[in-house]
There are 2 protein chains.
Amino acid sequence: MNDNVKYTLDESQIPKAWYNIVADLPKPPEPPLHPGTGKPIGPDDLAPLFPMSLIQQEVSTERYIEIPEPIRDVYRQWRVTPLYRARRLEKALGTPAKIYYKYEGTSPSGSHKPNTAVAQAFYNKEAGVKRISTETGAGQWGSSLAFAGALFGIEVKVYMVKVSFNQKPYRKALMQAYGATCVASPSTETESGRAILAKFPDSPGSLGIAISEAVEVAAKNDDTKYALGSVLNHVLLHQSVIGIEALKQMEVAGDYPDVVIGCAGGGSNFAGLAFPFLGEQLRGGKKVRVIACEPAACPSLTRGKFAYDFGDTGHLTPLVKMHTLGSTFIPPGFHAGGLRYHGMAPLVSHVHELGLMEAKAYHQKGCFEAALEFARAEGIIPAPESSHAVKCAMDEALRCREEGVSRVILFNLSGHGHFDMGAYTDFLSGKLEDKDYDEKALSEALAQLPPVAAS
Amino acid sequence: MNDNVKYTLDESQIPKAWYNIVADLPKPPEPPLHPGTGKPIGPDDLAPLFPMSLIQQEVSTERYIEIPEPIRDVYRQWRVTPLYRARRLEKALGTPAKIYYKYEGTSPSGSHKPNTAVAQAFYNKEAGVKRISTETGAGQWGSSLAFAGALFGIEVKVYMVKVSFNQKPYRKALMQAYGATCVASPSTETESGRAILAKFPDSPGSLGIAISEAVEVAAKNDDTKYALGSVLNHVLLHQSVIGIEALKQMEVAGDYPDVVIGCAGGGSNFAGLAFPFLGEQLRGGKKVRVIACEPAACPSLTRGKFAYDFGDTGHLTPLVKMHTLGSTFIPPGFHAGGLRYHGMAPLVSHVHELGLMEAKAYHQKGCFEAALEFARAEGIIPAPESSHAVKCAMDEALRCREEGVSRVILFNLSGHGHFDMGAYTDFLSGKLEDKDYDEKALSEALAQLPPVAAS
């Protein structure tokens with residue numbers, strides 16, 4: 001143990017393989033199903049959307065999958081990301097807890113998303129793909145794929161959830177600066193978008209709708225593939241670099257976490273940090289408490305049903321078993337746009353069902369309040385999404401103070417909030433309201449789960 | 001020499017002392033003068049504005065000044081900053097040149113400014129100061145001092161140049177998030193501000209005006225001191241950490257720069273990188289070509305006069321010998337707000353007069369074009385200020401291609417452009433115009449230089 005505030009590692013310590021938790025789980029996750037036949041889908045069913053190398057990662061049961069050298073080469077620009085000990089925050093809170101955070105905001109686009117964007121762009125390039133279509137919520141994913149597309153020479157087309165498109169013009173500008181095209185979703189460019197606009201001309205959009213648009217474009221164009229920024233197994237796999245590095249950094253720090261915390265929309269930054277620690281536990285290592293933090297306005301883990309559902313609103317995707325609020329559920333337009341998804345990663349959902357983790361839901365005002373206290377102590381402005389993890393970590397630290405117990409808390413600060421200052425302005429001027437989802441709309445959406453869900 | 005793209009150093013390599021070029025210059029710079037008496041000012045004249053420790057640094061002729069441990073402690077959060085080899089940009093340009101850049105955008109506020117903000121906040125805190133008033137252009141300095149103030153528990157009041165205040169609302173929000181107060185300058189809060197508004201109700205503001213407001217507030221309030229984000233000797237001193245680190249990193253890279261480049265508004269990021277290299281040269285080391293890049297719309301080094309002038313528009317500061325466009329000169333409202341200052345750091349001006357460096361002026365459209373090409377190759381969006389250095393470095397690299405010569409180019413990427421995406425949107429949509437200063441206004445401003453200038 002020592003007094004450092006920052007733990008970095010030599011670039012030779014950038015992981016050489018991703019970690020796949022499936023290999024260590026007591027029970028495998030249930031397979032995706034074809035919505036027509038109700039039968040498990042095979043690699044060929046996914047071939048119109050993804051290059052085969054990513055499909056193989058999606059279904060892999062290997063514990064470690066080697067990271068190709070060209071991907072590590074790009075990772076080198078900002079990885080190993082720093083692990084910080086939040087000494088100034090600890091002091092401000094007067095807590096006996098030790099708070100550590102892994103900071104993914106040092107990437108070029110300011111979040112953890114490039115970890116998988118670079119990998120996906122690389123494999124698509126290798127497969128000769130010309131164009132990638134994708135969706136984005138707050139824009140962290142879209143700008144990360146735009147960045148990766150620029151590096152590997154692939155065109156990127158982004159369908160951005162309309163409420164975020166309007167709230168966060170700088171994110172859109174960032175995608176354009178990297179050379180990508182970005183349109184507000186629902187758009188008039190796709191059948192899925194037009195169908196929604198016909199029913200709800202003022203739709204604020206949702207990740208579910210934007211996914212439909214992006215998937216449709218990829219399915220209809222031979223030279224275009226689709227990329228998803230969270231939810232899928234291969235995305236969670238790529239994000240495991242976060243936790244693999246954090247394991248080594250905690251070792252250098254001479255500590256091991258009692259609690260590991262991440263915010264969860266689709267689940268990828270949470271899983272990226274938590275799964276390598278859960279893997280240690282599953283292989284006989286120390287038990288850790290793992291907490292996923294989600295928005296109270298879109299609470300798939302705490303209020304959703306664990307059932308087969310579509311990944312998108314337009315029902316173009318396979319059915320996946322996950323915690324879902326129903327594919328037709330549209331969350332209210334709160335500020336953590338990256339957490340506005342109706343479902344949760346099937347692998348995170350499965351791990352939750354296995355009792356290996358907890359979930360908590362938070363309203364946005366409490367999260368912004370925590371984020372400001374964090375910023376004034378630690379100097380970094382958290383992204384609104386990440387502020388959910390900050391809030392949970394601070395609550396845990398305050399509980400340590402009440403109980404007079406010192407615990408080691410580790411959370412993922414998945415991104416900075418430089419592109420989200422409009423949200424902070426709203427909060428500081430008292431304009432921000434806590435949003436709740438509509439209970440009736442949730443019941444209706446859950447009632448519309450596809451029939452296979454009952455089986 | 002090796003194939004790395006990133007050169008980091010262990011945190012034990014964070015400099016233990018700042019470097020003061022005055023010790024190595026063949027001739028000392030001329031002293032600041034009292035505007036009333038025309039005599040050199042002494043430390044007591046500055047005491048109402050600055051704590052004595054900073055005044056001592058301002059007039060020091062020591063080569064090295066020890067960095068107090070609490071400052072190094074904060075530096076640790078983001079220093080040593082990375083030195084990158086721009087391999088992807090080199091490839092895109094098809095140049096035989098080797099391009100390196102020192103990236104200061106990894107600091108909490110996204111630029112080099114915290115290097116001095118943290119130091120100034122520390123010394124003020126040590127002197128028992130309650131409040132610091134300051135000016136800011138684009139907001140990089142204001143948000144950095146707000147950050148430092150939050151860490152050391154000092155109130156920060158920022159007068160932000162009105163054109164930037166309106167162009168960059170997210171910077172203002174960042175200052176507020178750190179707990180600082182920010183008002184548009186010229187404001188109605190000070191005599192200096194009211195005097196300008198009476199003459200020019202629509203004034204876009206300037207750094208010169210904002211300095212007058214901040215100095216006035218400090219001069220009138222016993223518990224308040226003033227802080228400047230560039231120009232002064234002690235500020236350039238604090239920024240020397242950039243070049244000291246870069247010297248070591250270039251050594252690890254196995255190269256030494258032929259050309260060292262920085263953008264220059266007040267001159268601090270430029271001097272921070274360049275002076276330690278010039279110091280090596282002055283002490284018998286390798287000669288380097290050093291280039292300061294300034295905006296064509298506010299060209300103090302290339303079009304200004306080397307003369308005694310006021311540092312502010314309201315004439316509250318001492319007279320300093322510098323390259324100046326005249327303290328009444330108001331540059332047009334272009335997008336690199338951090339470079340809109342009528343003068344240049346006296347020490348940079350002196351080094352220029354000694355023939356140790358060159359200066360070049362650039363129009364903004366060419367800079368944004370270069371910045372986009374850089375962003376698509378290297379993944380980082382430069383601040384509009386830093387884009388001037390990017391443009392110059394790329395021009396130098398293209399010249400190497402034409403001449404078939406490989407040179408080693410090192411530039412300072414002083415900050416990222418996450419808060420300046422509005423400017424990129426304007427550029428991408430073709431709305432950005434090249435601005436020129438008004439020749440007549442410049443002649444008039446130069447004609448109004450204080451009488452001592454003629455001596």
# chains A, B, ... in the order shown; residues from 1 in each chain; ligands from 1
$ residues_around --residues "region 284-294 of chain B" --least-positions-apart "4" --cutoff "8 Å" --atoms "only C-alpha atoms" --output "ChimeraX atom specification"
/B:257-265,270,274,277-278,280,298-301,339,356-362,388-389,392
$ write_last_selection --atoms "C-alpha atoms" --output "short mmCIF file (atom, residue, chain, number, x, y, z; two decimals), in the first residue's frame"
data_model
loop_
_atom_site.label_atom_id
_atom_site.label_comp_id
_atom_site.auth_asym_id
_atom_site.auth_seq_id
_atom_site.Cartn_x
_atom_site.Cartn_y
_atom_site.Cartn_z
CA PRO B 257 13.57 18.38 -32.39
CA ASP B 258 14.82 20.47 -35.29
CA VAL B 259 11.73 22.67 -34.97
CA VAL B 260 9.67 23.50 -31.86
CA ILE B 261 6.24 25.06 -32.40
CA GLY B 262 3.56 26.58 -30.18
CA CYS B 263 0.55 28.84 -30.65
CA ALA B 264 0.90 32.19 -28.92
CA GLY B 265 -1.74 34.51 -27.49
CA PHE B 270 4.49 28.43 -26.35
CA ALA B 274 10.00 26.15 -26.14
CA PHE B 277 14.72 23.68 -25.40
CA LEU B 278 16.07 27.22 -25.91
CA GLU B 280 19.61 23.81 -23.73
CA CYS B 298 -4.42 39.71 -33.72
CA PRO B 299 -0.76 39.58 -34.79
CA SER B 300 1.20 41.12 -31.92
CA LEU B 301 4.54 39.46 -32.76
CA LEU B 339 -5.35 34.39 -28.71
CA LEU B 356 16.18 33.35 -30.77
CA MET B 357 12.80 32.62 -32.37
CA GLU B 358 10.47 33.24 -35.31
CA ALA B 359 6.79 34.17 -35.49
CA LYS B 360 4.12 33.37 -38.08
CA ALA B 361 0.52 34.52 -38.43
CA TYR B 362 -2.34 32.34 -39.72
CA HIS B 388 -2.52 27.35 -35.12
CA ALA B 389 0.36 25.15 -33.96
CA CYS B 392 2.33 25.34 -38.67
#
$ select_by_dssp --residues "region 247-301 of chain B" --states "strand (DSSP E or B)" --output "number ranges by chain"
B: 259-263, 289-295
$ closest_atom_pairs --of "region 148-248 of chain B" --to "region 400-417 of chain A" --cutoff "12 Å" --atoms "only C-alpha atoms" --output "CSV"
residue,atom,partner,partner_atom,distance
B:Tyr170,CA,A:Gly417,CA,10.2
B:Arg171,CA,A:Gly417,CA,11.7
B:Ala173,CA,A:Gly417,CA,11.0
B:Leu174,CA,A:Gly417,CA,9.4
B:Ala177,CA,A:Gly417,CA,10.8
$ residues_around --residues "Lys91 (chain B)" --least-positions-apart "4" --cutoff "12 Å" --atoms "only C-alpha atoms" --output "VMD selection string"
(chain A and resid 151) or (chain B and resid 85 to 87 95 to 99 373 to 374 377 to 378 394 397 to 398 401)
$ select_by_dssp --residues "region 169-323 of chain B" --states "alpha helix (DSSP H)" --output "ChimeraX atom specification"
/B:169-177,191-199,207-220,233-253,268-282,300-303
$ closest_residue --among "A:Met160, A:Val351, A:Val129, A:Leu428" --to "chain B" --atoms "only C-alpha atoms"
A:Leu428
$ closest_atom_pairs --of "region 25-45 of chain A" --to "region 59-74 of chain A" --cutoff "9 Å" --atoms "only C-alpha atoms" --output "JSON lines"
{"residue": "A:Pro28", "atom": "CA", "partner": "A:Thr61", "partner_atom": "CA", "distance": 8.8}
{"residue": "A:Pro31", "atom": "CA", "partner": "A:Val59", "partner_atom": "CA", "distance": 8.7}
{"residue": "A:Pro43", "atom": "CA", "partner": "A:Val59", "partner_atom": "CA", "distance": 8.4}
$ residues_around --residues "region 332-335 of chain B" --least-positions-apart "2" --cutoff "10 Å" --atoms "only C-alpha atoms" --output "NGL selection string"
:B and (138 or 162-164 or 167-168 or 204-206 or 295 or 297-298 or 329-330 or 337-340 or 363-365 or 368 or 383-385 or 420 or 422-424 or 426 or 432-438)
$ residues_around --residues "Glu353 (chain B)" --least-positions-apart "5" --cutoff "12 Å" --atoms "only C-alpha atoms" --output "PDB file with all heavy atoms, in the first residue's frame"
ATOM      1  N   LEU B  25      19.698  33.890 -20.508  1.00  0.00           N
ATOM      2  CA  LEU B  25      19.667  34.849 -21.616  1.00  0.00           C
ATOM      3  C   LEU B  25      20.919  35.721 -21.612  1.00  0.00           C
ATOM      4  O   LEU B  25      21.439  36.071 -20.554  1.00  0.00           O
ATOM      5  CB  LEU B  25      18.421  35.730 -21.518  1.00  0.00           C
ATOM      6  CG  LEU B  25      17.092  35.016 -21.799  1.00  0.00           C
ATOM      7  CD1 LEU B  25      15.914  35.960 -21.562  1.00  0.00           C
ATOM      8  CD2 LEU B  25      17.062  34.469 -23.227  1.00  0.00           C
ATOM      9  N   PRO B  26      21.417  36.091 -22.807  1.00  0.00           N
ATOM     10  CA  PRO B  26      22.618  36.927 -22.878  1.00  0.00           C
ATOM     11  C   PRO B  26      22.384  38.331 -22.320  1.00  0.00           C
ATOM     12  O   PRO B  26      23.333  39.043 -21.986  1.00  0.00           O
ATOM     13  CB  PRO B  26      22.918  36.980 -24.378  1.00  0.00           C
ATOM     14  CG  PRO B  26      21.633  36.630 -25.065  1.00  0.00           C
ATOM     15  CD  PRO B  26      20.916  35.705 -24.135  1.00  0.00           C
ATOM     16  N   LYS B  27      21.127  38.735 -22.207  1.00  0.00           N
ATOM     17  CA  LYS B  27      20.780  40.093 -21.783  1.00  0.00           C
ATOM     18  C   LYS B  27      19.473  39.999 -21.010  1.00  0.00           C
ATOM     19  O   LYS B  27      18.556  39.301 -21.459  1.00  0.00           O
ATOM     20  CB  LYS B  27      20.578  40.940 -23.056  1.00  0.00           C
ATOM     21  CG  LYS B  27      20.635  42.434 -22.895  1.00  0.00           C
ATOM     22  CD  LYS B  27      20.418  43.112 -24.252  1.00  0.00           C
ATOM     23  CE  LYS B  27      19.249  44.085 -24.137  1.00  0.00           C
ATOM     24  NZ  LYS B  27      18.912  44.747 -25.402  1.00  0.00           N
ATOM     25  N   PRO B  28      19.367  40.639 -19.848  1.00  0.00           N
ATOM     26  CA  PRO B  28      18.105  40.528 -19.097  1.00  0.00           C
ATOM     27  C   PRO B  28      16.988  41.331 -19.772  1.00  0.00           C
ATOM     28  O   PRO B  28      17.267  42.306 -20.467  1.00  0.00           O
ATOM     29  CB  PRO B  28      18.456  41.127 -17.735  1.00  0.00           C
ATOM     30  CG  PRO B  28      19.575  42.062 -18.004  1.00  0.00           C
ATOM     31  CD  PRO B  28      20.345  41.512 -19.174  1.00  0.00           C
ATOM     32  N   PRO B  29      15.746  40.909 -19.574  1.00  0.00           N
ATOM     33  CA  PRO B  29      14.633  41.696 -20.118  1.00  0.00           C
ATOM     34  C   PRO B  29      14.513  43.026 -19.386  1.00  0.00           C
ATOM     35  O   PRO B  29      14.981  43.155 -18.250  1.00  0.00           O
ATOM     36  CB  PRO B  29      13.411  40.818 -19.847  1.00  0.00           C
ATOM     37  CG  PRO B  29      13.807  39.899 -18.739  1.00  0.00           C
ATOM     38  CD  PRO B  29      15.293  39.726 -18.816  1.00  0.00           C
ATOM     39  N   GLU B  30      13.923  44.003 -20.021  1.00  0.00           N
ATOM     40  CA  GLU B  30      13.773  45.312 -19.368  1.00  0.00           C
ATOM     41  C   GLU B  30      12.667  45.257 -18.322  1.00  0.00           C
ATOM     42  O   GLU B  30      11.700  44.519 -18.470  1.00  0.00           O
ATOM     43  CB  GLU B  30      13.508  46.385 -20.425  1.00  0.00           C
ATOM     44  CG  GLU B  30      14.725  46.522 -21.351  1.00  0.00           C
ATOM     45  CD  GLU B  30      14.603  47.694 -22.304  1.00  0.00           C
ATOM     46  OE1 GLU B  30      14.494  48.835 -21.813  1.00  0.00           O
ATOM     47  OE2 GLU B  30      14.620  47.463 -23.523  1.00  0.00           O
ATOM     48  N   LEU B 301       3.112  39.689 -32.476  1.00  0.00           N
ATOM     49  CA  LEU B 301       4.542  39.462 -32.757  1.00  0.00           C
ATOM     50  C   LEU B 301       4.923  39.871 -34.174  1.00  0.00           C
ATOM     51  O   LEU B 301       6.014  40.396 -34.403  1.00  0.00           O
ATOM     52  CB  LEU B 301       4.894  37.984 -32.552  1.00  0.00           C
ATOM     53  CG  LEU B 301       5.222  37.546 -31.125  1.00  0.00           C
ATOM     54  CD1 LEU B 301       5.301  36.025 -31.059  1.00  0.00           C
ATOM     55  CD2 LEU B 301       6.530  38.160 -30.637  1.00  0.00           C
ATOM     56  N   THR B 302       4.019  39.608 -35.147  1.00  0.00           N
ATOM     57  CA  THR B 302       4.380  39.859 -36.545  1.00  0.00           C
ATOM     58  C   THR B 302       4.035  41.269 -37.007  1.00  0.00           C
ATOM     59  O   THR B 302       4.610  41.767 -37.964  1.00  0.00           O
ATOM     60  CB  THR B 302       3.695  38.835 -37.489  1.00  0.00           C
ATOM     61  OG1 THR B 302       2.290  38.824 -37.214  1.00  0.00           O
ATOM     62  CG2 THR B 302       4.253  37.440 -37.274  1.00  0.00           C
ATOM     63  N   LYS B 305       4.351  46.490 -32.258  1.00  0.00           N
ATOM     64  CA  LYS B 305       5.555  47.271 -32.015  1.00  0.00           C
ATOM     65  C   LYS B 305       6.178  46.777 -30.710  1.00  0.00           C
ATOM     66  O   LYS B 305       5.458  46.426 -29.776  1.00  0.00           O
ATOM     67  CB  LYS B 305       5.128  48.737 -31.867  1.00  0.00           C
ATOM     68  CG  LYS B 305       6.221  49.731 -32.132  1.00  0.00           C
ATOM     69  CD  LYS B 305       5.665  51.139 -32.245  1.00  0.00           C
ATOM     70  CE  LYS B 305       6.794  52.123 -31.947  1.00  0.00           C
ATOM     71  NZ  LYS B 305       6.332  53.509 -31.993  1.00  0.00           N
ATOM     72  N   PHE B 306       7.499  46.697 -30.643  1.00  0.00           N
ATOM     73  CA  PHE B 306       8.167  46.315 -29.387  1.00  0.00           C
ATOM     74  C   PHE B 306       8.345  47.584 -28.573  1.00  0.00           C
ATOM     75  O   PHE B 306       9.232  48.403 -28.869  1.00  0.00           O
ATOM     76  CB  PHE B 306       9.507  45.652 -29.696  1.00  0.00           C
ATOM     77  CG  PHE B 306      10.207  45.108 -28.476  1.00  0.00           C
ATOM     78  CD1 PHE B 306       9.563  44.217 -27.616  1.00  0.00           C
ATOM     79  CD2 PHE B 306      11.508  45.473 -28.188  1.00  0.00           C
ATOM     80  CE1 PHE B 306      10.213  43.708 -26.492  1.00  0.00           C
ATOM     81  CE2 PHE B 306      12.174  44.966 -27.075  1.00  0.00           C
ATOM     82  CZ  PHE B 306      11.509  44.073 -26.219  1.00  0.00           C
ATOM     83  N   ALA B 307       7.489  47.758 -27.601  1.00  0.00           N
ATOM     84  CA  ALA B 307       7.440  49.046 -26.891  1.00  0.00           C
ATOM     85  C   ALA B 307       6.844  48.856 -25.514  1.00  0.00           C
ATOM     86  O   ALA B 307       6.200  47.851 -25.233  1.00  0.00           O
ATOM     87  CB  ALA B 307       6.572  50.017 -27.692  1.00  0.00           C
ATOM     88  N   LYS B 321       7.457  46.134 -21.349  1.00  0.00           N
ATOM     89  CA  LYS B 321       8.051  46.193 -22.701  1.00  0.00           C
ATOM     90  C   LYS B 321       7.683  44.911 -23.422  1.00  0.00           C
ATOM     91  O   LYS B 321       8.086  43.812 -23.006  1.00  0.00           O
ATOM     92  CB  LYS B 321       9.571  46.329 -22.570  1.00  0.00           C
ATOM     93  CG  LYS B 321      10.303  46.537 -23.893  1.00  0.00           C
ATOM     94  CD  LYS B 321      10.579  48.002 -24.173  1.00  0.00           C
ATOM     95  CE  LYS B 321      11.315  48.252 -25.479  1.00  0.00           C
ATOM     96  NZ  LYS B 321      12.769  48.417 -25.280  1.00  0.00           N
ATOM     97  N   MET B 322       6.913  45.051 -24.485  1.00  0.00           N
ATOM     98  CA  MET B 322       6.447  43.854 -25.200  1.00  0.00           C
ATOM     99  C   MET B 322       6.055  44.194 -26.630  1.00  0.00           C
ATOM    100  O   MET B 322       5.942  45.367 -26.982  1.00  0.00           O
ATOM    101  CB  MET B 322       5.231  43.261 -24.469  1.00  0.00           C
ATOM    102  CG  MET B 322       4.019  44.191 -24.412  1.00  0.00           C
ATOM    103  SD  MET B 322       2.635  43.400 -23.516  1.00  0.00           S
ATOM    104  CE  MET B 322       1.408  44.732 -23.538  1.00  0.00           C
ATOM    105  N   HIS B 323       5.846  43.167 -27.434  1.00  0.00           N
ATOM    106  CA  HIS B 323       5.237  43.385 -28.741  1.00  0.00           C
ATOM    107  C   HIS B 323       3.766  43.668 -28.510  1.00  0.00           C
ATOM    108  O   HIS B 323       3.057  42.852 -27.918  1.00  0.00           O
ATOM    109  CB  HIS B 323       5.408  42.152 -29.630  1.00  0.00           C
ATOM    110  CG  HIS B 323       6.805  41.993 -30.128  1.00  0.00           C
ATOM    111  ND1 HIS B 323       7.797  41.382 -29.393  1.00  0.00           N
ATOM    112  CD2 HIS B 323       7.401  42.394 -31.287  1.00  0.00           C
ATOM    113  CE1 HIS B 323       8.925  41.401 -30.072  1.00  0.00           C
ATOM    114  NE2 HIS B 323       8.723  42.010 -31.223  1.00  0.00           N
ATOM    115  N   PRO B 346       6.202  39.744 -22.156  1.00  0.00           N
ATOM    116  CA  PRO B 346       7.466  40.479 -22.249  1.00  0.00           C
ATOM    117  C   PRO B 346       8.673  39.556 -22.458  1.00  0.00           C
ATOM    118  O   PRO B 346       9.578  39.891 -23.223  1.00  0.00           O
ATOM    119  CB  PRO B 346       7.555  41.196 -20.900  1.00  0.00           C
ATOM    120  CG  PRO B 346       6.131  41.390 -20.494  1.00  0.00           C
ATOM    121  CD  PRO B 346       5.395  40.188 -21.005  1.00  0.00           C
ATOM    122  N   LEU B 347       8.647  38.406 -21.826  1.00  0.00           N
ATOM    123  CA  LEU B 347       9.792  37.501 -21.936  1.00  0.00           C
ATOM    124  C   LEU B 347       9.858  36.873 -23.334  1.00  0.00           C
ATOM    125  O   LEU B 347      10.939  36.721 -23.911  1.00  0.00           O
ATOM    126  CB  LEU B 347       9.673  36.414 -20.853  1.00  0.00           C
ATOM    127  CG  LEU B 347      10.953  35.824 -20.279  1.00  0.00           C
ATOM    128  CD1 LEU B 347      12.030  36.856 -20.055  1.00  0.00           C
ATOM    129  CD2 LEU B 347      10.630  35.098 -18.964  1.00  0.00           C
ATOM    130  N   VAL B 348       8.706  36.530 -23.898  1.00  0.00           N
ATOM    131  CA  VAL B 348       8.675  36.019 -25.277  1.00  0.00           C
ATOM    132  C   VAL B 348       9.109  37.129 -26.234  1.00  0.00           C
ATOM    133  O   VAL B 348       9.904  36.911 -27.165  1.00  0.00           O
ATOM    134  CB  VAL B 348       7.264  35.500 -25.651  1.00  0.00           C
ATOM    135  CG1 VAL B 348       7.178  35.159 -27.142  1.00  0.00           C
ATOM    136  CG2 VAL B 348       6.886  34.278 -24.798  1.00  0.00           C
ATOM    137  N   GLU B 358      11.234  32.662 -34.208  1.00  0.00           N
ATOM    138  CA  GLU B 358      10.469  33.238 -35.311  1.00  0.00           C
ATOM    139  C   GLU B 358       9.005  33.348 -34.913  1.00  0.00           C
ATOM    140  O   GLU B 358       8.569  32.742 -33.947  1.00  0.00           O
ATOM    141  CB  GLU B 358      10.532  32.329 -36.544  1.00  0.00           C
ATOM    142  CG  GLU B 358      11.923  32.005 -37.023  1.00  0.00           C
ATOM    143  CD  GLU B 358      11.901  30.867 -38.044  1.00  0.00           C
ATOM    144  OE1 GLU B 358      10.905  30.743 -38.795  1.00  0.00           O
ATOM    145  OE2 GLU B 358      12.876  30.094 -38.063  1.00  0.00           O
ATOM    146  N   ALA B 359       8.242  34.098 -35.709  1.00  0.00           N
ATOM    147  CA  ALA B 359       6.793  34.165 -35.493  1.00  0.00           C
ATOM    148  C   ALA B 359       6.095  34.095 -36.840  1.00  0.00           C
ATOM    149  O   ALA B 359       6.611  34.610 -37.843  1.00  0.00           O
ATOM    150  CB  ALA B 359       6.422  35.445 -34.760  1.00  0.00           C
TER     151      ALA B 359
END
$ residues_around --residues "region 447-450 of chain A" --least-positions-apart "5" --cutoff "9 Å" --atoms "only C-alpha atoms" --output "PyMOL selection string"
chain A and resi 35+307-310+319+326-328+442
$ closest_residue --among "A:Pro82, A:Gly105, A:Gly128, A:Pro169" --to "Pro51 (chain A)" --atoms "only C-alpha atoms"
A:Gly128
$ residues_around --residues "region 207-218 of chain A" --least-positions-apart "5" --cutoff "6 Å" --atoms "only C-alpha atoms" --output "list in words"
Ser133, Thr134, Glu135, Tyr159, Ser185, Thr190, Ser192, Thr224, Lys225, Tyr226, Asp312, Thr313, Gly314 and Tyr341 of chain A
$ atom_distance --atom1 "CA of Tyr123 (chain A)" --atom2 "CA of Val22 (chain A)"
21.6 Å
$ atom_distance --atom1 "CA of Phe200 (chain A)" --atom2 "CA of His342 (chain A)"
18.0 Å
$ closest_residue --among "B:Lys39, B:Arg194, B:His238, B:Arg88" --to "Tyr75 (chain B)" --atoms "only C-alpha atoms"
B:His238
$ closest_residue --among "B:Asp202, B:Met344, B:Leu145, B:Glu191" --to "Met175 (chain B)" --atoms "only C-alpha atoms"
B:Leu145
